[in-house]
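Source file: target-v8.json. Holds: JSON, C-alpha atoms.
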[["chain", "number", "residue", "atom", "x", "y", "z"],
["U", 1, "MET", "CA", 75.08, 132.28, 110.61],
["U", 2, "SER", "CA", 74.03, 131.39, 114.16],
["U", 3, "GLY", "CA", 76.29, 128.37, 114.53],
["U", 4, "ARG", "CA", 73.34, 126.31, 115.74],
["U", 5, "SER", "CA", 72.67, 122.92, 114.24],
["U", 6, "ASP", "CA", 69.14, 121.90, 113.32],
["U", 7, "ARG", "CA", 70.16, 118.26, 113.55],
["U", 8, "ILE", "CA", 67.96, 116.28, 115.95],
["U", 9, "VAL", "CA", 69.90, 114.55, 118.69],
["U", 10, "PRO", "CA", 68.09, 111.28, 119.42],
["U", 11, "LEU", "CA", 67.00, 110.41, 122.93],
["U", 12, "ALA", "CA", 69.37, 107.73, 124.26],
["U", 13, "VAL", "CA", 67.56, 104.75, 125.75],
["U", 14, "LYS", "CA", 69.52, 102.07, 127.60],
["U", 15, "ILE", "CA", 68.57, 98.40, 127.20],
["U", 16, "VAL", "CA", 70.33, 95.51, 128.97],
["U", 17, "VAL", "CA", 70.75, 92.03, 127.45],
["U", 18, "SER", "CA", 71.39, 89.45, 130.16],
["U", 19, "GLY", "CA", 71.55, 85.70, 130.70],
["U", 20, "GLY", "CA", 73.99, 82.89, 131.40],
["U", 21, "LEU", "CA", 77.29, 82.05, 129.75],
["U", 22, "GLY", "CA", 76.99, 81.24, 126.05],
["U", 23, "VAL", "CA", 73.27, 82.04, 125.60],
["U", 24, "GLY", "CA", 73.89, 84.41, 122.67],
["U", 25, "LYS", "CA", 74.08, 87.89, 124.15],
["U", 26, "THR", "CA", 77.02, 88.98, 121.98],
["U", 27, "THR", "CA", 75.35, 87.50, 118.89],
["U", 28, "PHE", "CA", 72.01, 89.15, 119.74],
["U", 29, "ILE", "CA", 73.57, 92.61, 119.98],
["U", 30, "GLY", "CA", 75.73, 92.08, 116.90],
["U", 31, "ALA", "CA", 72.73, 91.03, 114.80],
["U", 32, "ILE", "CA", 70.95, 94.38, 115.22],
["U", 33, "SER", "CA", 73.63, 96.97, 115.98],
["U", 34, "GLU", "CA", 74.03, 99.64, 113.30],
["U", 35, "ILE", "CA", 77.56, 100.31, 114.50],
["U", 36, "GLU", "CA", 80.40, 97.84, 114.80],
["U", 37, "PRO", "CA", 79.47, 96.30, 118.16],
["U", 38, "LEU", "CA", 81.95, 96.50, 120.99],
["U", 39, "ASP", "CA", 82.42, 93.00, 122.25],
["U", 40, "ALA", "CA", 84.93, 92.67, 125.03],
["U", 41, "GLU", "CA", 85.66, 89.01, 124.34],
["U", 42, "ALA", "CA", 88.57, 87.50, 126.24],
["U", 43, "ALA", "CA", 90.12, 84.07, 125.95],
["U", 44, "ILE", "CA", 88.87, 81.49, 128.44],
["U", 45, "THR", "CA", 91.94, 80.44, 130.42],
["U", 46, "GLN", "CA", 92.84, 77.60, 132.74],
["U", 47, "ILE", "CA", 92.29, 79.98, 135.67],
["U", 48, "SER", "CA", 88.52, 79.90, 135.08],
["U", 49, "MET", "CA", 88.40, 76.09, 135.21],
["U", 50, "GLY", "CA", 86.44, 75.04, 138.27],
["U", 51, "VAL", "CA", 85.36, 78.66, 138.85],
["U", 52, "ASP", "CA", 82.98, 79.24, 135.93],
["U", 53, "ALA", "CA", 80.28, 76.66, 135.18],
["U", 54, "ARG", "CA", 80.82, 75.61, 131.55],
["U", 55, "ASP", "CA", 78.44, 72.67, 131.16],
["U", 56, "GLY", "CA", 77.21, 72.71, 127.57],
["U", 57, "THR", "CA", 79.69, 75.42, 126.53],
["U", 58, "GLU", "CA", 82.91, 73.42, 126.63],
["U", 59, "SER", "CA", 83.74, 74.27, 123.01],
["U", 60, "ARG", "CA", 83.77, 78.03, 123.70],
["U", 61, "THR", "CA", 87.21, 79.60, 123.63],
["U", 62, "THR", "CA", 86.17, 83.18, 124.51],
["U", 63, "THR", "CA", 83.81, 84.91, 126.91],
["U", 64, "THR", "CA", 82.51, 88.45, 127.46],
["U", 65, "VAL", "CA", 84.39, 90.55, 130.03],
["U", 66, "PRO", "CA", 82.94, 92.95, 131.14],
["U", 67, "LEU", "CA", 80.21, 93.90, 128.59],
["U", 68, "ASP", "CA", 79.00, 94.04, 125.00],
["U", 69, "PHE", "CA", 77.74, 97.27, 123.46],
["U", 70, "GLY", "CA", 75.73, 98.17, 120.35],
["U", 71, "ARG", "CA", 73.33, 100.82, 119.10],
["U", 72, "ILE", "CA", 70.19, 100.87, 116.95],
["U", 73, "THR", "CA", 68.40, 104.08, 115.92],
["U", 74, "LEU", "CA", 64.64, 103.54, 115.89],
["U", 75, "ASP", "CA", 63.89, 106.90, 114.27],
["U", 76, "PRO", "CA", 65.57, 110.32, 114.31],
["U", 77, "SER", "CA", 64.27, 110.95, 117.83],
["U", 78, "ILE", "CA", 65.24, 107.74, 119.67],
["U", 79, "ALA", "CA", 68.24, 105.41, 119.78],
["U", 80, "LEU", "CA", 68.58, 102.20, 121.77],
["U", 81, "TYR", "CA", 71.94, 101.57, 123.41],
["U", 82, "LEU", "CA", 72.33, 97.86, 124.07],
["U", 83, "PHE", "CA", 74.53, 96.62, 126.91],
["U", 84, "GLY", "CA", 75.25, 92.89, 127.24],
["U", 85, "THR", "CA", 76.17, 91.54, 130.67],
["U", 86, "PRO", "CA", 78.87, 88.92, 131.25],
["U", 87, "GLY", "CA", 77.46, 85.43, 131.80],
["U", 88, "GLN", "CA", 79.78, 84.20, 134.54],
["U", 89, "ASP", "CA", 78.52, 84.26, 138.14],
["U", 90, "ARG", "CA", 81.75, 85.87, 139.35],
["U", 91, "PHE", "CA", 80.93, 89.00, 137.30],
["U", 92, "SER", "CA", 77.32, 89.25, 138.49],
["U", 93, "PHE", "CA", 78.19, 92.40, 140.48],
["U", 94, "LEU", "CA", 78.45, 94.24, 137.16],
["U", 95, "ARG", "CA", 74.71, 93.76, 136.61],
["U", 96, "ASP", "CA", 73.95, 96.53, 139.12],
["U", 97, "ASP", "CA", 76.13, 98.99, 137.22],
["U", 98, "LEU", "CA", 74.84, 97.96, 133.81],
["U", 99, "GLU", "CA", 71.21, 97.95, 134.92],
["U", 100, "GLU", "CA", 71.39, 101.45, 136.40],
["U", 101, "GLY", "CA", 69.36, 103.79, 134.23],
["U", 102, "ALA", "CA", 68.14, 101.01, 131.92],
["U", 103, "LEU", "CA", 64.62, 101.19, 130.52],
["U", 104, "GLY", "CA", 64.30, 97.40, 130.46],
["U", 105, "THR", "CA", 66.05, 94.07, 129.97],
["U", 106, "VAL", "CA", 66.05, 91.11, 127.61],
["U", 107, "VAL", "CA", 66.91, 87.88, 129.44],
["U", 108, "LEU", "CA", 68.17, 85.29, 126.96],
["U", 109, "VAL", "CA", 67.82, 81.61, 127.79],
["U", 110, "ASP", "CA", 69.18, 78.39, 126.33],
["U", 111, "THR", "CA", 66.74, 75.58, 127.18],
["U", 112, "ARG", "CA", 69.65, 73.09, 127.22],
["U", 113, "ARG", "CA", 70.94, 74.96, 130.28],
["U", 114, "ILE", "CA", 67.80, 76.66, 131.55],
["U", 115, "GLU", "CA", 69.04, 76.79, 135.14],
["U", 116, "GLU", "CA", 71.67, 79.36, 134.11],
["U", 117, "CYS", "CA", 69.01, 82.04, 133.57],
["U", 118, "PHE", "CA", 67.61, 81.76, 137.12],
["U", 119, "PRO", "CA", 70.06, 84.33, 138.59],
["U", 120, "ALA", "CA", 69.17, 86.92, 135.93],
["U", 121, "VAL", "CA", 65.41, 86.30, 136.22],
["U", 122, "ASP", "CA", 65.58, 86.47, 140.03],
["U", 123, "TYR", "CA", 67.63, 89.66, 139.89],
["U", 124, "PHE", "CA", 65.28, 91.55, 137.57],
["U", 125, "GLU", "CA", 62.16, 90.32, 139.35],
["U", 126, "THR", "CA", 63.62, 91.49, 142.68],
["U", 127, "GLN", "CA", 64.53, 94.87, 141.18],
["U", 128, "GLY", "CA", 61.02, 95.22, 139.72],
["U", 129, "ALA", "CA", 62.61, 96.04, 136.35],
["U", 130, "PRO", "CA", 60.59, 95.41, 133.18],
["U", 131, "PHE", "CA", 62.00, 92.45, 131.25],
["U", 132, "VAL", "CA", 61.13, 89.90, 128.60],
["U", 133, "LEU", "CA", 62.42, 86.34, 128.37],
["U", 134, "ALA", "CA", 63.71, 85.34, 124.94],
["U", 135, "VAL", "CA", 64.28, 81.62, 124.32],
["U", 136, "ASN", "CA", 67.23, 81.47, 121.92],
["U", 137, "ARG", "CA", 66.65, 78.50, 119.61],
["U", 138, "PHE", "CA", 69.93, 76.64, 119.18],
["U", 139, "GLU", "CA", 70.25, 74.04, 116.43],
["U", 140, "GLY", "CA", 69.87, 70.54, 117.80],
["U", 141, "ALA", "CA", 68.33, 71.68, 121.09],
["U", 142, "ASP", "CA", 65.04, 70.18, 122.27],
["U", 143, "ARG", "CA", 62.13, 72.53, 121.72],
["U", 144, "PHE", "CA", 59.74, 73.29, 124.55],
["U", 145, "GLU", "CA", 56.44, 75.11, 124.53],
["U", 146, "LEU", "CA", 56.81, 78.66, 125.77],
["U", 147, "ASP", "CA", 54.17, 78.06, 128.47],
["U", 148, "GLU", "CA", 56.31, 75.20, 129.75],
["U", 149, "VAL", "CA", 59.37, 77.45, 129.90],
["U", 150, "ARG", "CA", 57.30, 80.04, 131.81],
["U", 151, "ARG", "CA", 56.11, 77.37, 134.26],
["U", 152, "VAL", "CA", 59.60, 75.93, 134.87],
["U", 153, "LEU", "CA", 60.98, 79.41, 135.58],
["U", 154, "GLY", "CA", 57.99, 80.42, 137.71],
["U", 155, "LEU", "CA", 57.43, 83.60, 135.68],
["U", 156, "ARG", "CA", 54.40, 85.79, 136.29],
["U", 157, "GLY", "CA", 51.78, 85.88, 133.57],
["U", 158, "ASP", "CA", 52.61, 89.45, 132.58],
["U", 159, "VAL", "CA", 56.25, 88.70, 131.65],
["U", 160, "PRO", "CA", 56.45, 88.13, 127.89],
["U", 161, "VAL", "CA", 58.16, 84.87, 126.83],
["U", 162, "LEU", "CA", 59.19, 84.72, 123.16],
["U", 163, "GLU", "CA", 61.15, 82.55, 120.79],
["U", 164, "CYS", "CA", 64.18, 84.15, 119.23],
["U", 165, "ASP", "CA", 67.08, 83.45, 116.89],
["U", 166, "ALA", "CA", 69.87, 85.71, 118.16],
["U", 167, "ARG", "CA", 71.56, 85.52, 114.73],
["U", 168, "ASP", "CA", 68.56, 86.97, 112.90],
["U", 169, "ARG", "CA", 68.07, 90.74, 112.79],
["U", 170, "GLY", "CA", 64.28, 90.48, 112.37],
["U", 171, "SER", "CA", 63.96, 88.12, 115.33],
["U", 172, "VAL", "CA", 66.06, 90.42, 117.53],
["U", 173, "ARG", "CA", 63.98, 93.41, 116.40],
["U", 174, "ASP", "CA", 60.78, 91.58, 117.42],
["U", 175, "VAL", "CA", 62.19, 90.84, 120.89],
["U", 176, "LEU", "CA", 63.20, 94.48, 121.38],
["U", 177, "GLY", "CA", 59.72, 95.56, 120.22],
["U", 178, "ALA", "CA", 58.13, 93.24, 122.79],
["U", 179, "LEU", "CA", 60.38, 94.72, 125.48],
["U", 180, "LEU", "CA", 59.37, 98.27, 124.58],
["U", 181, "ASP", "CA", 55.68, 97.22, 124.67],
["U", 182, "ARG", "CA", 56.32, 95.70, 128.11],
["U", 183, "VAL", "CA", 57.97, 98.89, 129.37],
["U", 184, "ILE", "CA", 55.06, 101.00, 128.12],
["U", 185, "GLY", "CA", 52.60, 98.60, 129.77],
["U", 186, "VAL", "CA", 54.38, 98.75, 133.12],
["U", 187, "ARG", "CA", 54.67, 102.54, 133.06],
["U", 188, "ALA", "CA", 51.01, 102.94, 132.08],
["U", 189, "ALA", "CA", 49.75, 100.61, 134.83],
["U", 190, "PRO", "CA", 47.91, 102.20, 137.77],
["U", 191, "LYS", "CA", 50.14, 102.94, 140.75],
["U", 192, "GLY", "CA", 50.19, 100.16, 143.29],
["U", 193, "ARG", "CA", 49.44, 97.44, 140.75],
["U", 194, "GLY", "CA", 52.89, 97.41, 139.11],
["U", 195, "GLY", "CA", 51.42, 96.24, 135.84],
["U", 196, "VAL", "CA", 50.97, 92.71, 137.16],
["U", 197, "CYS", "CA", 48.17, 90.74, 135.56],
["U", 198, "VAL", "CA", 48.55, 87.12, 136.59]]

Spell out the structure here as structure tokens.
Amino acid sequence: MSGRSDRIVPLAVKIVVSGGLGVGKTTFIGAISEIEPLDAEAAITQISMGVDARDGTESRTTTTVPLDFGRITLDPSIALYLFGTPGQDRFSFLRDDLEEGALGTVVLVDTRRIEECFPAVDYFETQGAPFVLAVNRFEGADRFELDEVRRVLGLRGDVPVLECDARDRGSVRDVLGALLDRVIGVRAAPKGRGGVCV
């Protein structure tokens, strides 16, 4: 007996899920994770009043500090490790650490508070990191055409914009598939063009 295992160890691929406070990052990861997701939810306290913008999320009693974590195995050779960023501006410095080594990013947006995704979009555009924008459809929220969302955010034509229900495993799977397609497209683009096709 050689003591060697023939078990295939899957390649670990890091994916970041970002966006503002209350856009559904924890829910998104929880909907697809094959393991019990780690969600570092903490109670929102009086100390955060006046520090964290909470417009439209006043009913929330918890928030993510400092990250969410989940895993999904695509096949025996590859596993996605999902890291959710905190939504509060005061924890934005964690994005650098969480983004390091990531293959790509899903930026979630709530159209009721679309301005809250600007920092994440600006960050990932500046970093040149592949990302997709997923519009999380909340019940009772006004619906906007995806082209209108793209125009309001000033996104380039090559950045995929999709609808998503962060509670639905199939919807989350489709968003992750679009992100992987985006990553492949960027990596396959000729040098110097960066995959941009506006």

Which of U:Cys117, U:Ala188, U:Val135, U:Leu176 sits closest to U:Val16 [using all atoms listed in the file]:
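Looking at the shortest contact to U:Val16, the residue is U:Leu176.
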
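Going from atom CA of U:Val132 over to atom CA of U:Thr105, you cover 6.6 Å.
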
To one decimal place, how far is atom CA of U:Arg167 from atom CA of U:Ile78 in Å?
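These two atoms are separated by 23.6 Å.
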
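Distances to U:Leu179 were evaluated for U:Ala166, U:Leu108, U:Ile15, U:Val149 using all atoms listed in the file, and the minimum falls at U:Ile15.
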
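Distances here use only C-alpha atoms; by that measure, the residue among U:Gly24, U:Gly154, U:Gly84, U:Gly101 closest to U:Asp168 is U:Gly24.
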
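Compared by their closest atoms to U:Gly128, and using only C-alpha atoms, the residues U:Arg143, U:Arg71, U:Arg151, U:Arg187 rank with U:Arg187 nearest.
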
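Residues in contact with U:Glu34 at 9 Å, where all atoms listed in the file are counted and same-chain residues fewer than 6 positions away are skipped, are listed as Gly70, Arg71, Ile72 and Thr73 of chain U.
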
What's the 9 Å shell around U:Leu11, counting all atoms listed in the file, without same-chain residues fewer than 3 positions away, as a ChimeraX atom specification?
/U:76-80

Do you have the atom CA of U:Leu162-atom CA of U:Ile35 distance handy?
25.6 Å

Find the axis-aligned box for stretch 102-111 of chain U, covering all its listed atoms and adding 3 Å on each side, and write its centre and edge lengths in Å to one decimal as JSON.
{"center_x": 66.7, "center_y": 88.4, "center_z": 129.1, "size_x": 10.9, "size_y": 31.6, "size_z": 11.6}

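Compared by their closest atoms to U:Glu100, and using only C-alpha atoms, the residues U:Phe118, U:Phe138, U:Phe144, U:Phe124 rank with U:Phe124 nearest.
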
Hey, what's within 9 Å of U:Gly20 if we count all atoms listed in the file and toss same-chain stuff fewer than 3 positions away? As a list in words, please?
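My list of contacting residues is Val23, Gly24, Lys25, Thr85, Pro86, Gly87, Gln88, Asp89, Val107, Leu108, Val109, Asp110, Arg113, Ile114, Glu115, Glu116, Cys117, Phe118, Pro119 and Ala120 of chain U.
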
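Here the question is which of U:Asp96, U:Phe83, U:Val175, U:Glu163 gets nearest to U:Tyr123 using all atoms listed in the file, and that residue is U:Asp96.
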
Within-12 Å shell of (56.6, 93.6, 122.8) in input frame, only C-alpha atoms, as a PyMOL selection string
chain U and resi 104-106+130-134+158-162+171-186

With C-alpha atoms retained, could you export that selection as a PDB file, in the coordinates of the input?
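Listing of result.pdb after writing:
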ATOM      1  CA  GLY U 104      64.300  97.400 130.460  1.00  0.00           C
ATOM      2  CA  THR U 105      66.050  94.070 129.970  1.00  0.00           C
ATOM      3  CA  VAL U 106      66.050  91.110 127.610  1.00  0.00           C
ATOM      4  CA  PRO U 130      60.590  95.410 133.180  1.00  0.00           C
ATOM      5  CA  PHE U 131      62.000  92.450 131.250  1.00  0.00           C
ATOM      6  CA  VAL U 132      61.130  89.900 128.600  1.00  0.00           C
ATOM      7  CA  LEU U 133      62.420  86.340 128.370  1.00  0.00           C
ATOM      8  CA  ALA U 134      63.710  85.340 124.940  1.00  0.00           C
ATOM      9  CA  ASP U 158      52.610  89.450 132.580  1.00  0.00           C
ATOM     10  CA  VAL U 159      56.250  88.700 131.650  1.00  0.00           C
ATOM     11  CA  PRO U 160      56.450  88.130 127.890  1.00  0.00           C
ATOM     12  CA  VAL U 161      58.160  84.870 126.830  1.00  0.00           C
ATOM     13  CA  LEU U 162      59.190  84.720 123.160  1.00  0.00           C
ATOM     14  CA  SER U 171      63.960  88.120 115.330  1.00  0.00           C
ATOM     15  CA  VAL U 172      66.060  90.420 117.530  1.00  0.00           C
ATOM     16  CA  ARG U 173      63.980  93.410 116.400  1.00  0.00           C
ATOM     17  CA  ASP U 174      60.780  91.580 117.420  1.00  0.00           C
ATOM     18  CA  VAL U 175      62.190  90.840 120.890  1.00  0.00           C
ATOM     19  CA  LEU U 176      63.200  94.480 121.380  1.00  0.00           C
ATOM     20  CA  GLY U 177      59.720  95.560 120.220  1.00  0.00           C
ATOM     21  CA  ALA U 178      58.130  93.240 122.790  1.00  0.00           C
ATOM     22  CA  LEU U 179      60.380  94.720 125.480  1.00  0.00           C
ATOM     23  CA  LEU U 180      59.370  98.270 124.580  1.00  0.00           C
ATOM     24  CA  ASP U 181      55.680  97.220 124.670  1.00  0.00           C
ATOM     25  CA  ARG U 182      56.320  95.700 128.110  1.00  0.00           C
ATOM     26  CA  VAL U 183      57.970  98.890 129.370  1.00  0.00           C
ATOM     27  CA  ILE U 184      55.060 101.000 128.120  1.00  0.00           C
ATOM     28  CA  GLY U 185      52.600  98.600 129.770  1.00  0.00           C
ATOM     29  CA  VAL U 186      54.380  98.750 133.120  1.00  0.00           C
TER      30      VAL U 186
END
